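Novice: Could you have a look at this structure, given as structure tokens, before my questions?
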Amino acid sequence: MKRLELLSRILITLAIVGAVGTPLYFWSRTPLIHARIAENGGWTPDVIRANVGEPLHLKLTSDDVVHGFAVGQMDMQSVDVLPGKVTDLTLIFDKPGIYTFYCTRWCGLNHWRMRGTIEVGGSSSDTQPASAPLYVTLKINIDAPHNAPTIPVQKPSALRGQSFSTQLPITNSTNYYRANSPYQVFDELSNTSLTETERWDVAAYLWQSNTTAESLANGQRLYAQNCAACHGENGAGDGVFADDLTALGATLQRSMTGDNKMTMQTPADFTDPKRMMGASPALLQGKILRGGMGTGMPMWGSIFTEEQIWDLIAYLYSFQFEYQK
Ligand code: HEC
Ligand SMILES: [Cu+2]
């Protein structure tokens, strides 16, 4: 199981919320890590060093509001970092590398900037080189507009789509799904006898058959925790921070001299069929991995595992399609 492998990558041996106000410094050489909202400096220090296989003891406290602490690329239960209290945490890494730690509590507009790194030295027997993400392999320009030229007149239904799926010139493989947008599927079926509505239904069916109820539930959970504050609970791009981002963009635009084209934007609306029908999973993966480079869309590549990102993507399309229970 993929998830279990990931879990074993970093073993969290123990997490104890420290005794309130008691200066119980078991590990005298462990510096206290301070958390502050990003505007006031984020994590101090923000670079931590560790060695493979050796316990890394951390002491965390907050100088302002409640923050959270987690290390990316693993299914780690985050711990709260409370003002005036000390949280003790011990981590053991079984692979060298540069890990990202990040705040898991929405502490403000720049919450997602609260990130730091843990540099884990040492050697490991199974270092495989990371493979290039799909959008790079497919040479997709993730910054180019990708609106679908036409959109469905009604919400495409996976159930209806299933009934046409047997006599199709396209495959239902994961590779095909990830590399194509729903519009490309619709377009590829234009030589068949299917109506336009039926062609969209087939796309809905392909999309549903490339995910599972478990993945969708996992995607929904990750979305609510990490994306909804900007993109909105229902995907409409209207999260609590959406107006702030838009306003910030307008201010920056006025104060900028010109050539910086990546400015703050309104969060993407995942309920917009033009946007979503025109986007392949590979394109969305690229955006999520890399971020918007100045648009306000954070980069998540060092936070989530590949599996978690595919789960998120499957969930984003569920705003467009009607899936069978
Ligand atoms: C701080 C606000 C913020 C958060 C948090 C955020 N986003 Fe975004 N996102 C944006 C903005 C703004 C855009 C539009 C600009 C852009 O595409 O770069 C965007 C764009 C995107 C796009 C590109 C859509 C397209 O059609 O190109 C995807 C995909 C996306 N976000 C997914 C996510 C996911 C998944 C999460 C949570 C893990 C997330 N975002 C969290 C602000 C945010
Ligand atoms: Cu925070």
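Identifiers for the structure tokens are assigned positionally: chains receive A, B, ... in sequence, residues are indexed from 1 per chain, and ligands are indexed from 1 in the order shown.
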Excluding His34 of chain A and its own-chain neighbours fewer than 4 positions away, which residues fall within 12 Å of it when counting only C-alpha atoms? Please give them as a PyMOL selection string.

Specialist: chain A and resi 38+40-46+58-69+81-87+103+114+116

Novice: Selected residues, C-alpha atoms, written as a PDB file, in the first residue's frame, please.

Specialist:
ATOM      1  CA  ALA A  38       4.163  35.290   8.471  1.00  0.00           C
ATOM      2  CA  ASN A  40       5.986  38.999  11.781  1.00  0.00           C
ATOM      3  CA  GLY A  41       8.581  36.504  10.668  1.00  0.00           C
ATOM      4  CA  GLY A  42       6.930  33.072  10.568  1.00  0.00           C
ATOM      5  CA  TRP A  43       9.098  30.356  12.107  1.00  0.00           C
ATOM      6  CA  THR A  44      12.334  31.217  13.943  1.00  0.00           C
ATOM      7  CA  PRO A  45      14.558  29.402  13.223  1.00  0.00           C
ATOM      8  CA  ASP A  46      13.179  28.278   9.877  1.00  0.00           C
ATOM      9  CA  LEU A  58      11.689  19.885  18.749  1.00  0.00           C
ATOM     10  CA  LYS A  59      10.222  22.403  21.140  1.00  0.00           C
ATOM     11  CA  LEU A  60       7.663  24.716  19.685  1.00  0.00           C
ATOM     12  CA  THR A  61       5.879  27.752  21.015  1.00  0.00           C
ATOM     13  CA  SER A  62       3.826  30.575  19.585  1.00  0.00           C
ATOM     14  CA  ASP A  63       4.400  34.267  20.189  1.00  0.00           C
ATOM     15  CA  ASP A  64       0.987  35.308  18.931  1.00  0.00           C
ATOM     16  CA  VAL A  65      -1.964  33.142  17.845  1.00  0.00           C
ATOM     17  CA  VAL A  66      -2.552  29.392  17.637  1.00  0.00           C
ATOM     18  CA  HIS A  67      -0.458  27.811  14.909  1.00  0.00           C
ATOM     19  CA  GLY A  68      -0.022  24.202  13.870  1.00  0.00           C
ATOM     20  CA  PHE A  69       3.054  22.201  12.913  1.00  0.00           C
ATOM     21  CA  VAL A  81       1.485  25.302  18.737  1.00  0.00           C
ATOM     22  CA  LEU A  82      -0.103  27.446  21.406  1.00  0.00           C
ATOM     23  CA  PRO A  83       0.807  30.910  22.647  1.00  0.00           C
ATOM     24  CA  GLY A  84       2.722  30.765  25.910  1.00  0.00           C
ATOM     25  CA  LYS A  85       2.972  26.977  25.914  1.00  0.00           C
ATOM     26  CA  VAL A  86       5.648  24.591  24.780  1.00  0.00           C
ATOM     27  CA  THR A  87       4.897  21.639  22.536  1.00  0.00           C
ATOM     28  CA  CYS A 103       1.743  25.790   9.673  1.00  0.00           C
ATOM     29  CA  MET A 114       4.675  29.939   7.267  1.00  0.00           C
ATOM     30  CA  GLY A 116      10.532  26.166   6.963  1.00  0.00           C
TER      31      GLY A 116
END

Novice: Please identify every polymer residue within 7 Å of ligand 1, using only C-alpha atoms and all ligand atoms, and present the set as number ranges by chain.

Specialist: A: 109-110, 112, 142, 222-223, 226-231, 241, 245, 264-268, 275-276, 279, 284-285, 287-288, 291-293, 295-298, 300, 312-313

Novice: May I have the residues within 6 Å of ligand 2, computed using only C-alpha atoms and all ligand atoms, as a PyMOL selection string?

Specialist: chain A and resi 67+103-107+111

Novice: Restricting the output to C-alpha atoms, write the selected residues as a short mmCIF file (atom, residue, chain, number, x, y, z; two decimals), in the first residue's frame.

Specialist:
data_model
loop_
_atom_site.label_atom_id
_atom_site.label_comp_id
_atom_site.auth_asym_id
_atom_site.auth_seq_id
_atom_site.Cartn_x
_atom_site.Cartn_y
_atom_site.Cartn_z
CA HIS A 67 -0.46 27.81 14.91
CA CYS A 103 1.74 25.79 9.67
CA THR A 104 -1.54 23.89 9.65
CA ARG A 105 -3.78 26.53 11.24
CA TRP A 106 -5.33 29.38 9.27
CA CYS A 107 -3.59 32.21 11.06
CA HIS A 111 -0.71 31.64 6.62
#

Novice: At a cut-off of 8 Å, using only C-alpha atoms, what residues contact segment 99-101 of chain A? Leave out same-chain residues fewer than 5 positions from it and give the result as a VMD selection string.

Specialist: chain A and resid 69 to 73 115 to 120 302 to 303

Novice: I'd like the neighbourhood of Pro55 of chain A as a short mmCIF file (atom, residue, chain, number, x, y, z; two decimals) with C-alpha atoms, in the first residue's frame, where a residue qualifies if any of its atoms comes within 7 Å (using only C-alpha atoms), though same-chain residues fewer than 4 positions away should be ignored.

Specialist:
data_model
loop_
_atom_site.label_atom_id
_atom_site.label_comp_id
_atom_site.auth_asym_id
_atom_site.auth_seq_id
_atom_site.Cartn_x
_atom_site.Cartn_y
_atom_site.Cartn_z
CA THR A 90 10.24 14.03 18.39
CA LEU A 91 10.71 13.08 14.73
CA ILE A 92 12.83 10.39 13.16
#

Novice: Name all residues at most 10 Å from Glu322 of chain A (count only C-alpha atoms; drop same-chain ones fewer than 2 positions away) and give them as a ChimeraX atom specification.

Specialist: /A:154-160,201,204-205,208,317-320,324-325

Novice: With all heavy atoms retained, export the selected residues as a CSV table (one decimal), in the first residue's frame.

Specialist:
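Heads up, here's the output in result_7.csv:
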chain,number,residue,atom,x,y,z
A,154,GLN,N,-25.9,20.6,-19.5
A,154,GLN,CA,-26.3,20.2,-18.2
A,154,GLN,C,-25.1,19.4,-17.5
A,154,GLN,O,-24.1,19.1,-18.2
A,154,GLN,CB,-27.5,19.2,-18.3
A,154,GLN,CG,-27.2,17.9,-19.0
A,154,GLN,CD,-28.4,17.0,-19.2
A,154,GLN,OE1,-29.1,17.2,-20.2
A,154,GLN,NE2,-28.6,16.1,-18.2
A,155,LYS,N,-25.2,19.2,-16.2
A,155,LYS,CA,-24.1,18.6,-15.5
A,155,LYS,C,-23.9,17.2,-16.0
A,155,LYS,O,-24.8,16.3,-16.0
A,155,LYS,CB,-24.5,18.5,-14.0
A,155,LYS,CG,-23.3,18.5,-13.1
A,155,LYS,CD,-23.6,18.7,-11.7
A,155,LYS,CE,-22.4,19.0,-10.8
A,155,LYS,NZ,-22.7,19.1,-9.4
A,156,PRO,N,-22.7,16.8,-16.6
A,156,PRO,CA,-22.5,15.5,-17.1
A,156,PRO,C,-22.7,14.4,-16.0
A,156,PRO,O,-22.2,14.6,-14.9
A,156,PRO,CB,-21.1,15.6,-17.6
A,156,PRO,CG,-20.8,17.0,-17.9
A,156,PRO,CD,-21.6,17.7,-16.8
A,157,SER,N,-23.3,13.3,-16.4
A,157,SER,CA,-23.6,12.2,-15.5
A,157,SER,C,-22.8,11.0,-15.8
A,157,SER,O,-22.8,10.4,-16.9
A,157,SER,CB,-25.1,11.9,-15.5
A,157,SER,OG,-25.3,10.6,-15.2
A,158,ALA,N,-22.1,10.5,-14.8
A,158,ALA,CA,-21.2,9.3,-15.0
A,158,ALA,C,-22.1,8.1,-15.2
A,158,ALA,O,-21.8,7.2,-16.0
A,158,ALA,CB,-20.4,9.1,-13.7
A,159,LEU,N,-23.3,8.1,-14.6
A,159,LEU,CA,-24.2,7.0,-14.7
A,159,LEU,C,-24.7,6.8,-16.2
A,159,LEU,O,-24.6,5.7,-16.8
A,159,LEU,CB,-25.4,7.1,-13.8
A,159,LEU,CG,-26.4,6.0,-13.7
A,159,LEU,CD1,-25.7,4.7,-13.3
A,159,LEU,CD2,-27.5,6.3,-12.8
A,160,ARG,N,-25.1,7.9,-16.7
A,160,ARG,CA,-25.5,7.9,-18.1
A,160,ARG,C,-24.3,7.6,-19.0
A,160,ARG,O,-24.4,6.8,-20.0
A,160,ARG,CB,-26.1,9.2,-18.6
A,160,ARG,CG,-27.5,9.5,-18.0
A,160,ARG,CD,-28.2,10.7,-18.7
A,160,ARG,NE,-27.3,11.9,-18.7
A,160,ARG,CZ,-27.5,12.9,-17.9
A,160,ARG,NH1,-28.4,12.9,-16.9
A,160,ARG,NH2,-26.7,14.0,-17.9
A,201,ASP,N,-21.2,13.1,-21.0
A,201,ASP,CA,-21.5,12.0,-20.0
A,201,ASP,C,-20.4,11.0,-20.0
A,201,ASP,O,-20.0,10.5,-18.9
A,201,ASP,CB,-22.9,11.4,-20.3
A,201,ASP,CG,-24.0,12.3,-20.0
A,201,ASP,OD1,-23.9,13.3,-19.3
A,201,ASP,OD2,-25.2,12.0,-20.5
A,204,ALA,N,-17.6,12.3,-18.0
A,204,ALA,CA,-17.9,12.1,-16.5
A,204,ALA,C,-17.7,10.7,-16.1
A,204,ALA,O,-17.1,10.5,-15.0
A,204,ALA,CB,-19.4,12.5,-16.2
A,205,TYR,N,-18.1,9.7,-16.9
A,205,TYR,CA,-17.8,8.3,-16.5
A,205,TYR,C,-16.4,8.0,-16.4
A,205,TYR,O,-15.9,7.4,-15.5
A,205,TYR,CB,-18.5,7.4,-17.6
A,205,TYR,CG,-18.2,6.0,-17.4
A,205,TYR,CD1,-18.6,5.3,-16.2
A,205,TYR,CD2,-17.3,5.3,-18.3
A,205,TYR,CE1,-18.2,3.9,-16.0
A,205,TYR,CE2,-16.9,4.0,-18.1
A,205,TYR,CZ,-17.4,3.3,-16.9
A,205,TYR,OH,-17.0,2.0,-16.7
A,208,GLN,N,-15.0,9.5,-13.3
A,208,GLN,CA,-15.3,8.8,-12.1
A,208,GLN,C,-14.6,7.4,-12.0
A,208,GLN,O,-14.2,7.0,-10.9
A,208,GLN,CB,-16.8,8.5,-11.9
A,208,GLN,CG,-17.1,7.6,-10.7
A,208,GLN,CD,-18.5,7.7,-10.2
A,208,GLN,OE1,-19.5,7.9,-10.9
A,208,GLN,NE2,-18.6,7.5,-8.8
A,317,TYR,N,-12.6,18.0,-9.8
A,317,TYR,CA,-13.5,17.7,-10.9
A,317,TYR,C,-14.9,17.4,-10.4
A,317,TYR,O,-15.8,17.5,-11.2
A,317,TYR,CB,-12.9,16.6,-11.8
A,317,TYR,CG,-11.8,17.0,-12.7
A,317,TYR,CD1,-10.5,16.6,-12.4
A,317,TYR,CD2,-12.0,17.8,-13.8
A,317,TYR,CE1,-9.5,16.9,-13.2
A,317,TYR,CE2,-11.0,18.1,-14.6
A,317,TYR,CZ,-9.7,17.7,-14.3
A,317,TYR,OH,-8.6,18.0,-15.2
A,318,SER,N,-15.0,17.0,-9.2
A,318,SER,CA,-16.3,16.5,-8.7
A,318,SER,C,-17.3,17.7,-8.6
A,318,SER,O,-18.5,17.6,-8.5
A,318,SER,CB,-16.2,15.8,-7.4
A,318,SER,OG,-16.0,16.7,-6.3
A,319,PHE,N,-16.8,19.0,-8.7
A,319,PHE,CA,-17.6,20.1,-8.8
A,319,PHE,C,-18.3,20.2,-10.1
A,319,PHE,O,-19.3,21.0,-10.3
A,319,PHE,CB,-16.9,21.4,-8.5
A,319,PHE,CG,-16.3,21.5,-7.1
A,319,PHE,CD1,-14.9,21.6,-6.9
A,319,PHE,CD2,-17.1,21.6,-6.0
A,319,PHE,CE1,-14.4,21.7,-5.6
A,319,PHE,CE2,-16.6,21.7,-4.7
A,319,PHE,CZ,-15.2,21.8,-4.5
A,320,GLN,N,-17.8,19.5,-11.1
A,320,GLN,CA,-18.4,19.5,-12.5
A,320,GLN,C,-19.3,18.4,-12.8
A,320,GLN,O,-20.2,18.5,-13.7
A,320,GLN,CB,-17.2,19.5,-13.5
A,320,GLN,CG,-16.4,20.7,-13.4
A,320,GLN,CD,-17.1,22.0,-13.8
A,320,GLN,OE1,-18.0,22.0,-14.6
A,320,GLN,NE2,-16.8,23.1,-13.2
A,324,GLN,N,-22.0,8.6,-9.6
A,324,GLN,CA,-22.8,7.6,-9.0
A,324,GLN,C,-22.4,7.4,-7.5
A,324,GLN,O,-21.2,7.4,-7.3
A,324,GLN,CB,-22.7,6.3,-9.7
A,324,GLN,CG,-23.1,6.2,-11.1
A,324,GLN,CD,-22.5,5.0,-11.8
A,324,GLN,OE1,-21.7,5.1,-12.6
A,324,GLN,NE2,-23.0,3.8,-11.3
A,325,LYS,N,-23.3,7.1,-6.7
A,325,LYS,CA,-22.9,6.9,-5.3
A,325,LYS,C,-22.3,5.5,-5.2
A,325,LYS,O,-22.7,4.5,-5.9
A,325,LYS,CB,-24.1,6.9,-4.4
A,325,LYS,CG,-24.6,8.4,-4.1
A,325,LYS,CD,-23.7,9.0,-3.0
A,325,LYS,CE,-23.5,10.5,-3.2
A,325,LYS,NZ,-24.1,11.3,-4.1

Novice: Measuring atom to atom with only C-alpha atoms, identify which of A:Phe321, A:Asn234, A:Ile98, A:Leu316 is nearest to Leu206 of chain A.

Specialist: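 Smallest separation from Leu206 of chain A among the options: A:Phe321.
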
Novice: Could you check how far atom CA of Leu283 of chain A sits from atom CA of Ile140 of chain A, in Å to one decimal?

Specialist: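 Atom-to-atom, atom CA of Leu283 of chain A to atom CA of Ile140 of chain A, that is 6.7 Å.
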
Novice: Would you please work out which residue, of A:Ile33, A:Thr251, A:Thr211, A:Gly219, is nearest to Thr305 of chain A when using only C-alpha atoms?

Specialist: A:Gly219

Novice: Return the single residue from A:Lys95, A:His146, A:His57, A:Arg49 that is closest to Thr30 of chain A, with distances computed using only C-alpha atoms.

Specialist: A:His57

Novice: Could you give me the residues within segment 19-179 of chain A that DSSP places in strand (DSSP E or B), as a ChimeraX atom specification?

Specialist: /A:32-35,43-44,47-51,56-62,67-71,79-81,83,87-93,97-102,115-121,157

Novice: Please determine, counting only C-alpha atoms, which residue among A:Thr212, A:Gln225, A:Gln162, A:Thr174 has the shortest atom-to-atom distance to Glu198 of chain A.

Specialist: A:Gln162

Novice: Nearest residue to Glu233 of chain A out of A:Glu196, A:Asp269, A:Glu54, A:Glu214, using only C-alpha atoms?

Specialist: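 Smallest separation from Glu233 of chain A among the options: A:Asp269.
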